[in-house]
$ cat structure-v2.tsv   # TSV, C-alpha atoms
chain	number	residue	atom	x	y	z
X	1	MET	CA	14.41	12.20	-1.54
X	2	ILE	CA	15.77	11.24	-4.95
X	3	SER	CA	13.06	9.90	-7.20
X	4	VAL	CA	13.64	6.53	-8.81
X	5	SER	CA	12.13	5.92	-12.22
X	6	SER	CA	10.75	2.59	-13.26
X	7	SER	CA	13.08	2.49	-16.25
X	8	CYS	CA	16.10	2.91	-13.99
X	9	LEU	CA	14.90	0.14	-11.74
X	10	CYS	CA	13.59	-2.12	-14.45
X	11	PHE	CA	10.69	-2.28	-12.02
X	12	ARG	CA	8.06	-4.85	-12.80
X	13	SER	CA	4.58	-4.64	-11.32
X	14	GLU	CA	3.92	-7.64	-9.14
X	15	LYS	CA	0.44	-8.79	-8.35
X	16	MET	CA	-0.22	-10.48	-5.06
X	17	ASP	CA	-3.14	-12.87	-5.20
X	18	ASP	CA	-5.28	-10.69	-7.50
X	19	GLY	CA	-5.25	-7.89	-4.96
X	20	LYS	CA	-2.08	-5.94	-4.12
X	21	VAL	CA	-0.29	-4.37	-7.09
X	22	PHE	CA	3.13	-2.74	-6.70
X	23	THR	CA	3.72	0.21	-9.01
X	24	ASP	CA	6.20	3.05	-9.32
X	25	ARG	CA	4.76	5.85	-7.15
X	26	PRO	CA	6.15	8.26	-4.55
X	27	SER	CA	5.02	8.69	-0.96
X	28	LEU	CA	2.09	10.99	-0.38
X	29	LEU	CA	4.10	13.55	1.61
X	30	ASP	CA	6.66	13.78	-1.19
X	31	GLU	CA	3.83	14.72	-3.54
X	32	LEU	CA	2.38	17.19	-1.06
X	33	PHE	CA	5.76	18.85	-0.55
X	34	GLU	CA	5.66	19.82	-4.22
X	35	ILE	CA	2.86	22.25	-3.26
X	36	SER	CA	4.37	25.52	-2.06
X	37	HIS	CA	1.82	26.01	0.74
X	38	ILE	CA	2.49	22.57	2.23
X	39	ARG	CA	6.24	23.03	1.80
X	40	THR	CA	5.98	26.29	3.76
X	41	ILE	CA	4.41	24.43	6.70
X	42	TYR	CA	7.33	21.98	6.55
X	43	HIS	CA	9.74	24.94	6.63
X	44	MET	CA	7.93	26.31	9.68
X	45	PHE	CA	8.65	23.10	11.58
X	46	ILE	CA	12.32	23.28	10.56
X	47	ALA	CA	12.43	26.88	11.82
X	48	VAL	CA	10.96	25.79	15.18
X	49	LEU	CA	13.59	23.05	15.43
X	50	LEU	CA	16.37	25.56	14.76
X	51	ILE	CA	14.97	27.89	17.44
X	52	PHE	CA	14.95	25.03	19.96
X	53	CYS	CA	18.57	24.23	19.12
X	54	LEU	CA	19.65	27.87	19.43
X	55	SER	CA	17.75	28.19	22.70
X	56	THR	CA	19.52	25.15	24.10
X	57	LEU	CA	22.91	26.53	23.07
X	58	ALA	CA	22.14	29.91	24.65
X	59	VAL	CA	20.93	28.41	27.93
X	60	ASP	CA	23.99	26.14	28.18
X	61	TYR	CA	26.33	29.05	27.51
X	62	ILE	CA	24.60	31.34	30.03
X	63	ASP	CA	24.32	28.72	32.80
X	64	GLN	CA	27.54	26.76	32.29
X	65	GLY	CA	29.67	29.07	30.20
X	66	ARG	CA	30.15	26.29	27.67
X	67	LEU	CA	28.24	23.91	25.43
X	68	VAL	CA	26.95	20.97	27.46
X	69	LEU	CA	26.67	17.81	25.38
X	70	GLU	CA	25.12	15.08	27.50
X	71	PHE	CA	24.57	11.81	25.71
X	72	ASP	CA	24.20	9.65	28.81
X	73	LEU	CA	20.54	8.90	28.09
X	74	LEU	CA	21.34	8.00	24.47
X	75	PHE	CA	24.20	5.70	25.48
X	76	PHE	CA	22.00	4.07	28.11
X	77	ALA	CA	19.01	3.51	25.80
X	78	PHE	CA	21.11	2.00	22.98
X	79	GLY	CA	23.52	0.10	25.22
X	80	ASN	CA	24.95	-3.35	24.49
X	81	LEU	CA	24.75	-2.84	20.72
X	82	GLY	CA	27.14	-5.73	20.08
X	83	THR	CA	24.60	-8.20	21.44
X	84	VAL	CA	21.85	-6.50	19.45
X	85	ILE	CA	23.80	-6.75	16.18
X	86	GLN	CA	24.62	-10.39	16.86
X	87	ALA	CA	20.95	-11.23	17.49
X	88	TRP	CA	19.91	-9.31	14.38
X	89	LEU	CA	22.43	-11.13	12.21
X	90	VAL	CA	21.20	-14.52	13.43
X	91	MET	CA	17.59	-13.64	12.60
X	92	PHE	CA	18.56	-12.05	9.27
X	93	VAL	CA	20.65	-15.00	8.07
X	94	TYR	CA	17.94	-17.43	9.11
X	95	THR	CA	15.18	-15.50	7.31
X	96	LEU	CA	17.34	-15.07	4.21
X	97	PHE	CA	18.32	-18.71	3.73
X	98	VAL	CA	16.34	-21.26	5.77
X	99	PRO	CA	12.76	-20.73	4.46
X	100	TYR	CA	13.99	-20.51	0.87
X	101	TYR	CA	16.13	-23.64	0.86
X	102	THR	CA	13.54	-25.55	2.88
X	103	LEU	CA	10.92	-24.84	0.19
X	104	VAL	CA	13.45	-25.69	-2.54
X	105	PHE	CA	14.06	-29.06	-0.88
X	106	TRP	CA	10.32	-29.64	-0.41
X	107	GLY	CA	9.54	-28.67	-4.01
X	108	SER	CA	12.24	-30.92	-5.45
X	109	LEU	CA	10.74	-33.98	-3.74
X	110	TYR	CA	7.05	-33.10	-3.86
X	111	HIS	CA	6.19	-34.70	-7.22
X	112	THR	CA	8.27	-37.84	-6.72
X	113	PHE	CA	7.78	-38.58	-3.03
X	114	PRO	CA	5.39	-41.48	-2.31
X	115	SER	CA	3.42	-39.58	0.34
X	116	LYS	CA	2.95	-35.93	-0.54
X	117	LEU	CA	0.99	-35.29	2.66
X	118	GLY	CA	3.67	-36.91	4.81
X	119	LEU	CA	6.40	-34.88	3.11
X	120	SER	CA	4.46	-31.64	3.53
X	121	LEU	CA	3.61	-32.32	7.17
X	122	GLY	CA	7.17	-33.36	8.01
X	123	THR	CA	8.73	-30.38	6.29
X	124	GLY	CA	6.23	-28.00	7.85
X	125	LEU	CA	6.79	-29.45	11.32
X	126	ILE	CA	10.58	-29.19	11.06
X	127	LEU	CA	10.45	-25.65	9.66
X	128	SER	CA	7.95	-24.57	12.32
X	129	SER	CA	10.15	-25.99	15.07
X	130	ILE	CA	13.26	-24.22	13.79
X	131	GLN	CA	11.34	-21.00	13.26
X	132	THR	CA	9.94	-21.14	16.79
X	133	CYS	CA	13.44	-21.50	18.20
X	134	VAL	CA	15.25	-18.93	16.02
X	135	LEU	CA	12.59	-16.26	15.48
X	136	GLY	CA	10.45	-17.01	18.52
X	137	LEU	CA	12.45	-18.00	21.59
X	138	TYR	CA	15.94	-16.76	20.70
X	139	PRO	CA	15.13	-12.99	20.59
X	140	ILE	CA	13.25	-13.26	23.89
X	141	TYR	CA	16.21	-15.05	25.45
X	142	VAL	CA	18.61	-12.37	24.21
X	143	VAL	CA	16.46	-9.55	25.58
X	144	VAL	CA	15.81	-11.14	28.98
X	145	ASP	CA	19.14	-12.83	29.64
X	146	ASN	CA	21.25	-9.79	28.71
X	147	GLN	CA	18.89	-7.29	30.40
X	148	LEU	CA	19.06	-5.00	27.38
X	149	PRO	CA	18.12	-1.31	27.81
X	150	PRO	CA	14.83	-0.04	26.27
X	151	ALA	CA	15.93	1.07	22.78
X	152	SER	CA	18.04	-2.05	22.27
X	153	ARG	CA	15.11	-4.19	23.40
X	154	PHE	CA	12.80	-2.54	20.88
X	155	ILE	CA	15.32	-3.07	18.08
X	156	VAL	CA	15.50	-6.82	18.74
X	157	ILE	CA	11.75	-7.31	19.31
X	158	LEU	CA	10.55	-5.17	16.38
X	159	GLU	CA	13.04	-6.87	14.07
X	160	GLN	CA	11.82	-10.23	15.37
X	161	ILE	CA	8.24	-9.28	14.42
X	162	ARG	CA	9.38	-8.00	11.01
X	163	PHE	CA	11.32	-11.17	10.20
X	164	LEU	CA	8.38	-13.32	11.31
X	165	MET	CA	6.07	-11.37	9.00
X	166	LYS	CA	8.51	-11.64	6.10
X	167	SER	CA	9.17	-15.36	6.48
X	168	TYR	CA	5.49	-16.20	6.91
X	169	SER	CA	4.41	-14.15	3.90
X	170	TYR	CA	7.15	-15.72	1.77
X	171	ILE	CA	6.12	-19.25	2.73
X	172	ARG	CA	2.45	-18.38	2.35
X	173	GLU	CA	2.95	-16.94	-1.15
X	174	THR	CA	5.40	-19.61	-2.37
X	175	ALA	CA	3.67	-22.75	-1.17
X	176	PRO	CA	1.07	-23.95	-3.69
X	177	VAL	CA	-2.04	-22.98	-1.74
X	178	VAL	CA	-5.05	-22.13	-3.89
X	179	MET	CA	-7.17	-19.35	-2.41
X	180	LYS	CA	-10.76	-19.01	-3.65
X	181	ASP	CA	-13.72	-16.76	-2.92
X	182	THR	CA	-11.77	-13.93	-1.36
X	183	PRO	CA	-13.47	-10.60	-0.63
X	184	LYS	CA	-12.68	-7.33	-2.33
X	185	GLU	CA	-10.21	-4.98	-0.69
X	186	GLY	CA	-12.82	-2.30	-0.12
X	187	GLU	CA	-14.66	-4.49	2.41
X	188	SER	CA	-13.28	-4.32	5.95
X	189	PRO	CA	-14.09	-4.14	9.22
X	190	THR	CA	-9.35	19.12	37.61
X	191	LEU	CA	-8.71	22.30	35.61
X	192	PRO	CA	-5.78	22.11	33.22
X	193	THR	CA	-2.54	23.82	34.11
X	194	PHE	CA	0.16	25.20	31.84
X	195	SER	CA	2.26	22.07	32.37
X	196	SER	CA	-0.75	19.99	31.31
X	197	TYR	CA	-0.92	21.87	28.03
X	198	LEU	CA	2.80	21.32	27.48
X	199	TYR	CA	2.42	17.62	28.19
X	200	PHE	CA	-0.54	17.36	25.83
X	201	LEU	CA	1.46	19.19	23.15
X	202	PHE	CA	4.30	16.73	23.70
X	203	CYS	CA	1.96	13.76	23.11
X	204	ILE	CA	0.68	15.36	19.90
X	205	MET	CA	4.21	16.01	18.64
X	206	LEU	CA	5.23	12.47	19.57
X	207	LEU	CA	2.44	11.03	17.42
X	208	LEU	CA	3.33	13.19	14.42
X	209	LEU	CA	7.10	12.72	14.81
X	210	CYS	CA	6.76	8.93	15.02
X	211	PHE	CA	4.71	8.97	11.85
X	212	PHE	CA	7.12	11.25	9.96
X	213	ALA	CA	10.30	9.61	11.26
X	214	PHE	CA	9.32	5.98	10.72
X	215	LEU	CA	6.53	5.69	8.15
X	216	HIS	CA	7.94	8.41	5.89
X	217	CYS	CA	11.68	8.93	6.42
X	218	TRP	CA	12.76	5.46	7.56
X	219	LEU	CA	10.73	3.45	5.06
X	220	ASN	CA	11.57	5.80	2.20
X	221	LEU	CA	15.25	5.53	3.11
X	222	PHE	CA	15.18	1.76	2.76
X	223	GLY	CA	12.97	2.04	-0.31
X	224	GLU	CA	15.71	4.17	-1.86
X	225	LEU	CA	18.54	1.87	-0.72
X	226	LEU	CA	16.74	-1.26	-1.97
X	227	ARG	CA	15.52	0.56	-5.11
X	228	PHE	CA	11.91	-0.30	-4.37
X	229	ALA	CA	9.77	2.11	-6.35
X	230	ASP	CA	6.36	1.70	-4.70
X	231	ARG	CA	6.51	4.19	-1.81
X	232	ILE	CA	2.89	4.03	-0.68
X	233	PHE	CA	3.72	3.12	2.91
X	234	TYR	CA	0.80	5.22	4.16
X	235	LYS	CA	-2.13	7.17	2.74
X	236	ASP	CA	-3.95	10.32	3.79
X	237	TRP	CA	-4.91	9.00	7.22
X	238	TRP	CA	-5.13	12.56	8.56
X	239	ASN	CA	-8.28	13.13	6.45
X	240	SER	CA	-10.09	10.08	7.84
X	241	THR	CA	-13.63	10.55	9.11
X	242	SER	CA	-13.83	6.96	10.33
X	243	PHE	CA	-11.52	4.72	12.30
X	244	ALA	CA	-12.05	1.99	9.71
X	245	ASN	CA	-10.39	4.22	7.11
X	246	TYR	CA	-7.71	5.32	9.57
X	247	TYR	CA	-6.67	1.72	10.24
X	248	ARG	CA	-6.40	1.10	6.48
X	249	THR	CA	-4.32	4.19	5.74
X	250	TRP	CA	-2.08	4.79	8.79
X	251	ASN	CA	0.35	1.93	8.08
X	252	VAL	CA	-0.35	0.40	4.67
X	253	VAL	CA	2.47	-2.16	4.98
X	254	VAL	CA	1.11	-3.78	8.15
X	255	HIS	CA	-2.52	-3.38	7.07
X	256	ASP	CA	-1.91	-5.19	3.78
X	257	TRP	CA	-0.08	-8.01	5.57
X	258	LEU	CA	-2.96	-8.47	8.02
X	259	TYR	CA	-5.53	-8.19	5.25
X	260	TYR	CA	-3.99	-10.77	2.92
X	261	TYR	CA	-2.65	-13.29	5.45
X	262	GLY	CA	-5.14	-12.82	8.27
X	263	TYR	CA	-8.51	-11.46	7.20
X	264	ARG	CA	-8.76	-13.11	3.75
X	265	ASP	CA	-7.39	-16.46	4.90
X	266	PHE	CA	-9.87	-16.50	7.78
X	267	LEU	CA	-12.73	-15.88	5.32
X	268	TRP	CA	-11.42	-18.60	3.03
X	269	LEU	CA	-11.29	-21.11	5.86
X	270	SER	CA	-14.82	-20.16	6.96
X	271	LYS	CA	-16.10	-20.13	3.35
X	272	ARG	CA	-16.72	-16.38	3.41
X	273	LYS	CA	-18.77	-16.55	6.58
X	274	PHE	CA	-18.22	-14.70	9.86
X	275	ARG	CA	-16.81	-11.45	8.43
X	276	ALA	CA	-17.16	-9.73	11.79
X	277	ALA	CA	-15.26	-12.57	13.47
X	278	ALA	CA	-12.53	-12.31	10.83
X	279	MET	CA	-12.16	-8.60	11.46
X	280	LEU	CA	-12.20	-9.09	15.23
X	281	SER	CA	-9.51	-11.79	15.02
X	282	VAL	CA	-7.26	-9.44	13.05
X	283	PHE	CA	-7.74	-6.75	15.72
X	284	ILE	CA	-6.90	-9.19	18.50
X	285	VAL	CA	-3.76	-10.43	16.74
X	286	SER	CA	-2.61	-6.87	16.07
X	287	ALA	CA	-3.33	-5.82	19.67
X	288	VAL	CA	-1.44	-8.82	21.07
X	289	VAL	CA	1.60	-8.14	18.87
X	290	HIS	CA	1.64	-4.43	19.79
X	291	GLU	CA	1.39	-5.26	23.49
X	292	TYR	CA	4.07	-7.94	23.15
X	293	ALA	CA	6.46	-5.41	21.62
X	294	LEU	CA	5.82	-2.90	24.41
X	295	THR	CA	6.07	-5.57	27.13
X	296	MET	CA	9.41	-6.87	25.90
X	297	GLY	CA	10.70	-3.38	25.09
X	298	LEU	CA	9.83	-1.81	28.44
X	299	GLY	CA	10.45	-4.91	30.54
X	300	PHE	CA	7.04	-5.09	32.25
X	301	PHE	CA	3.49	-6.14	31.40
X	302	TYR	CA	1.01	-3.27	31.59
X	303	PRO	CA	-1.74	-3.89	28.99
X	304	VAL	CA	-2.78	-0.31	28.31
X	305	MET	CA	-2.12	-0.63	24.57
X	306	PHE	CA	-4.01	-3.91	24.40
X	307	CYS	CA	-7.08	-2.49	26.17
X	308	LEU	CA	-7.14	0.63	23.99
X	309	PHE	CA	-6.60	-1.37	20.80
X	310	ALA	CA	-8.69	-4.48	21.43
X	311	VAL	CA	-11.55	-2.74	23.25
X	312	PHE	CA	-11.92	0.89	22.22
X	313	GLY	CA	-10.32	0.31	18.81
X	314	VAL	CA	-12.83	-2.42	17.98
X	315	VAL	CA	-15.77	-0.34	19.19
X	316	PHE	CA	-14.67	2.70	17.19
X	317	ASN	CA	-14.07	0.56	14.10
X	318	PHE	CA	-17.66	-0.70	14.08
X	319	THR	CA	-19.33	2.54	15.22
X	320	MET	CA	-17.24	5.10	13.32
X	321	ASN	CA	-17.30	3.22	10.02
X	322	ASP	CA	-17.02	4.40	6.42
X	323	LYS	CA	-20.60	5.71	6.45
X	324	ARG	CA	-19.41	8.63	8.59
X	325	GLN	CA	-18.41	11.32	6.10
X	326	SER	CA	-19.02	14.53	8.04
X	327	PRO	CA	-15.97	16.68	8.94
X	328	VAL	CA	-17.16	16.48	12.54
X	329	PHE	CA	-16.04	12.85	12.63
X	330	ASN	CA	-12.55	13.90	11.50
X	331	ILE	CA	-12.40	16.16	14.56
X	332	ILE	CA	-13.62	13.29	16.75
X	333	MET	CA	-10.97	10.98	15.29
X	334	TRP	CA	-8.16	13.47	16.00
X	335	ALA	CA	-9.45	14.04	19.53
X	336	CYS	CA	-9.48	10.28	20.18
X	337	LEU	CA	-5.96	9.91	18.78
X	338	PHE	CA	-4.62	12.68	21.00
X	339	LEU	CA	-6.38	11.33	24.08
X	340	GLY	CA	-5.24	7.77	23.43
X	341	GLN	CA	-1.65	8.86	22.83
X	342	GLY	CA	-1.69	10.94	26.01
X	343	VAL	CA	-3.10	8.08	28.09
X	344	GLN	CA	-0.44	5.67	26.83
X	345	VAL	CA	2.51	8.03	27.33
X	346	CYS	CA	1.27	9.01	30.79
X	347	LEU	CA	0.53	5.51	32.11
X	348	TYR	CA	3.56	3.76	30.61
X	349	SER	CA	5.90	6.52	31.82
X	350	GLN	CA	4.36	6.37	35.29
X	351	GLU	CA	4.73	2.60	35.43
X	352	TRP	CA	8.33	2.81	34.15
X	353	TYR	CA	9.38	5.06	37.04
X	354	ALA	CA	7.26	3.08	39.50
X	355	GLN	CA	9.18	-0.06	38.54
X	356	ILE	CA	12.43	1.78	39.32
X	357	HIS	CA	11.57	3.78	42.43
X	358	CYS	CA	8.82	1.65	43.96
X	359	PRO	CA	10.08	-1.94	43.80
X	360	ARG	CA	7.82	-4.64	45.09
X	361	LYS	CA	8.65	-5.89	48.56
X	362	GLU	CA	8.97	-9.63	48.95
X	363	VAL	CA	6.47	-11.12	51.39
X	364	CYS	CA	8.30	-13.65	53.51
X	365	ALA	CA	6.46	-16.48	55.19
X	366	PRO	CA	6.45	-16.16	59.00
X	367	ARG	CA	8.95	-18.37	60.72
X	368	THR	CA	7.64	-20.88	63.25
X	369	ALA	CA	9.63	-21.78	66.33
X	370	HIS	CA	11.03	-25.31	66.37
X	371	VAL	CA	10.01	-27.23	69.45
X	372	SER	CA	12.33	-30.06	70.41
$ encode --input "structure-v2.tsv" --output "C-alpha cells"
Amino acid sequence: MISVSSSCLCFRSEKMDDGKVFTDRPSLLDELFEISHIRTIYHMFIAVLLIFCLSTLAVDYIDQGRLVLEFDLLFFAFGNLGTVIQAWLVMFVYTLFVPYYTLVFWGSLYHTFPSKLGLSLGTGLILSSIQTCVLGLYPIYVVVDNQLPPASRFIVILEQIRFLMKSYSYIRETAPVVMKDTPKEGESPTLPTFSSYLYFLFCIMLLLLCFFAFLHCWLNLFGELLRFADRIFYKDWWNSTSFANYYRTWNVVVHDWLYYYGYRDFLWLSKRKFRAAAMLSVFIVSAVVHEYALTMGLGFFYPVMFCLFAVFGVVFNFTMNDKRQSPVFNIIMWACLFLGQGVQVCLYSQEWYAQIHCPRKEVCAPRTAHVS
C-alpha cells in the first residue's frame, strides 16, 4: 500500500468532541509487515494460496483434460447488480445532499425564526420521516421485492447501515448540541473426525480472512482512494486478554461510532449514572444491527448471532474485563472466538439448506361438508 504523507494530503487533525483525534498513521499490519519475520509469515500464506491454485489446475486437467472455470456460484450470489447499483445510488445521493442542505436551511432560519423550538422540531420531524423512507424502508423493499441473492442482499443492507451511521453522525456533530460530563475513553464496559478438523480449520480461516479482507485491505483501499491518512481501522485485537479490549480493538471504526454516539450520549442523558446500563444498551443495539444484517442478507430470521452477541458477549465483557492480564486469558479468548465462529457458520449454513430442501408445509384447515 502506498503511504500518504500529511504534507501531500494537507491533512489536518480533527478533534471530535474532545475525544477522537485523526492523525496521519498507517494500519498496524502495514507496520508489522516492515518486520522481516512477520513478512515471512505473510509470504507463507501466499505460498499456500499458490499451492491451492496449482492443485486445482492439476486436478481439473487430470479429471477433465482442461481447465474448468465455473463461476455459477459467483454469478448467482452477485446477481441482479443493476438493481443493487440503483438502490446504492439512491442512498448515496440522499446521504450526500439531503442532511447537509436540511441543516443549511435550518441554520439559516434558526436565529431569526420566532419559535426556535418549533423550527427545530418541524425540521427534525421532516428529516426523520424522509430518512426513515429512504434509508430505512426503501432498502428493505428493494431486497424483499426483488428477491435479491445473498451477496447482493448484503451489499444493499450493509450500505444501508453505513449510510445511516454516516448521516446520523453528521447531524449529531453539526447540530449545536452541547455535551457535558462525558467519560474518558479508557472507561468501558462425539470424537472428532478428520472432516471435523477441516471444518474447524475453515472457520478459523474464515475469521482471519474476513478481518484481513475487509478491515485491512478494503478500508485501506478506500483510505488511499479518498486520501484519508488515519488508517487505524483496527488495533492489536489478537493480543487481547479480555473481551472488553477485543471489542475496542477489533473494529475501531464501529467501536468509536458506538462509543461517541451511543455510550457517551446515554451517560449524558442519565447525568453520568447507569454506566452498566449504557454499556448494555450499546451491546443490544450492536447485536440487533448485526442480526438485522444477517436476517436480511440470508432471507430468514435465525437469531444465533444475537444470542451469542447479546448473551455470551455481554457475560464475557463483564467477566473477562481489563483486569485479566494473564496469557491464559488470551488463549481463552481465541478458543471462544473459534467456537463462536464455528457455531455460527454451522447453524446458519444448516438453516440455509433447510430453507431450500425442507420447505414448510402449509397446514390447511379441514373442510366441512355443507348440509343443505
$ closest_residue --input "structure-v2.tsv" --among "X:Thr174, X:Met44, X:Tyr348, X:Gln131" --to "X:Gly107" --atoms "only C-alpha atoms"
X:Thr174
$ closest_residue --input "structure-v2.tsv" --among "X:Arg272, X:His43, X:Arg25, X:His290" --to "X:Tyr234" --atoms "only C-alpha atoms"
X:Arg25
$ atom_distance --input "structure-v2.tsv" --atom1 "atom CA of X:Ala151" --atom2 "atom CA of X:Cys307"
23.5 Å
$ atom_distance --input "structure-v2.tsv" --atom1 "atom CA of X:Leu294" --atom2 "atom CA of X:Leu49"
28.5 Å
$ residues_around --input "structure-v2.tsv" --residues "X:Phe214" --least-positions-apart "6" --cutoff "12 Å" --atoms "all atoms listed in the file" --output "number ranges by chain"
X: 206-208, 220-222, 233-234, 250-251
$ residues_around --input "structure-v2.tsv" --residues "X:Val142" --least-positions-apart "3" --cutoff "10 Å" --atoms "only C-alpha atoms" --output "list in words"
Thr83, Val84, Gln86, Ala87, Leu137, Tyr138, Pro139, Asp145, Asn146, Gln147, Leu148, Arg153, Val156 and Ile157 of chain X
$ residues_near_point --input "structure-v2.tsv" --point "(-14.0, -15.4, 10.0)" --cutoff "12 Å" --atoms "all atoms listed in the file" --output "PyMOL selection string"
chain X and resi 182-183+188-189+262-282
$ atom_distance --input "structure-v2.tsv" --atom1 "atom CA of X:Gln344" --atom2 "atom CA of X:Val304"
6.6 Å
$ residues_around --input "structure-v2.tsv" --residues "X:Pro99" --least-positions-apart "5" --cutoff "9 Å" --atoms "all atoms listed in the file" --output "list in words"
Tyr94, Val104, Leu127, Gln131, Ser167, Tyr168, Tyr170 and Ile171 of chain X
$ residues_near_point --input "structure-v2.tsv" --point "(19.5, 6.8, 23.2)" --cutoff "12 Å" --atoms "only C-alpha atoms" --output "PyMOL selection string"
chain X and resi 70-81+149-155
$ decode --input "structure-v2.tsv" --residues "stretch 226-247 of chain X" --atoms "N, CA and C atoms" --output "tab-separated table (two decimals), in the first residue's frame"
chain	number	residue	atom	x	y	z
X	226	LEU	N	-9.60	7.92	-1.07
X	226	LEU	CA	-10.13	9.17	-0.51
X	226	LEU	C	-9.05	10.02	0.14
X	227	ARG	N	-7.79	9.51	0.13
X	227	ARG	CA	-6.65	10.24	0.68
X	227	ARG	C	-6.88	10.59	2.15
X	228	PHE	N	-7.35	9.59	2.88
X	228	PHE	CA	-7.58	9.73	4.32
X	228	PHE	C	-6.40	9.08	5.03
X	229	ALA	N	-5.64	9.87	5.77
X	229	ALA	CA	-4.34	9.41	6.25
X	229	ALA	C	-4.40	8.57	7.52
X	230	ASP	N	-5.44	8.69	8.31
X	230	ASP	CA	-5.53	7.94	9.56
X	230	ASP	C	-6.04	6.54	9.26
X	231	ARG	N	-5.15	5.55	9.27
X	231	ARG	CA	-5.50	4.18	8.88
X	231	ARG	C	-5.69	3.25	10.08
X	232	ILE	N	-5.94	3.79	11.24
X	232	ILE	CA	-6.15	2.93	12.40
X	232	ILE	C	-7.60	2.45	12.38
X	233	PHE	N	-7.87	1.47	11.53
X	233	PHE	CA	-9.20	0.88	11.45
X	233	PHE	C	-9.35	-0.27	12.44
X	234	TYR	N	-8.27	-0.73	12.98
X	234	TYR	CA	-8.25	-1.80	13.97
X	234	TYR	C	-6.97	-1.64	14.79
X	235	LYS	N	-6.89	-2.34	15.90
X	235	LYS	CA	-5.68	-2.36	16.71
X	235	LYS	C	-5.26	-3.81	16.93
X	236	ASP	N	-4.37	-4.05	17.84
X	236	ASP	CA	-3.85	-5.40	18.03
X	236	ASP	C	-4.83	-6.26	18.83
X	237	TRP	N	-5.99	-6.51	18.24
X	237	TRP	CA	-7.01	-7.31	18.91
X	237	TRP	C	-6.55	-8.73	19.18
X	238	TRP	N	-5.61	-9.24	18.39
X	238	TRP	CA	-5.14	-10.62	18.56
X	238	TRP	C	-4.36	-10.81	19.86
X	239	ASN	N	-3.90	-9.72	20.48
X	239	ASN	CA	-3.18	-9.81	21.75
X	239	ASN	C	-4.09	-9.63	22.96
X	240	SER	N	-5.38	-9.49	22.74
X	240	SER	CA	-6.30	-9.19	23.84
X	240	SER	C	-6.35	-10.33	24.85
X	241	THR	N	-6.35	-9.97	26.11
X	241	THR	CA	-6.56	-10.94	27.19
X	241	THR	C	-7.94	-10.76	27.81
X	242	SER	N	-8.72	-9.85	27.28
X	242	SER	CA	-10.08	-9.62	27.77
X	242	SER	C	-10.97	-9.32	26.59
X	243	PHE	N	-12.24	-9.68	26.72
X	243	PHE	CA	-13.18	-9.39	25.65
X	243	PHE	C	-13.49	-7.90	25.60
X	244	ALA	N	-13.37	-7.21	26.72
X	244	ALA	CA	-13.57	-5.76	26.71
X	244	ALA	C	-12.56	-5.09	25.78
X	245	ASN	N	-11.30	-5.52	25.85
X	245	ASN	CA	-10.28	-4.96	24.96
X	245	ASN	C	-10.48	-5.43	23.52
X	246	TYR	N	-10.92	-6.65	23.35
X	246	TYR	CA	-11.18	-7.16	22.00
X	246	TYR	C	-12.26	-6.34	21.29
X	247	TYR	N	-13.34	-6.03	22.00
X	247	TYR	CA	-14.42	-5.25	21.40
X	247	TYR	C	-13.95	-3.84	21.02
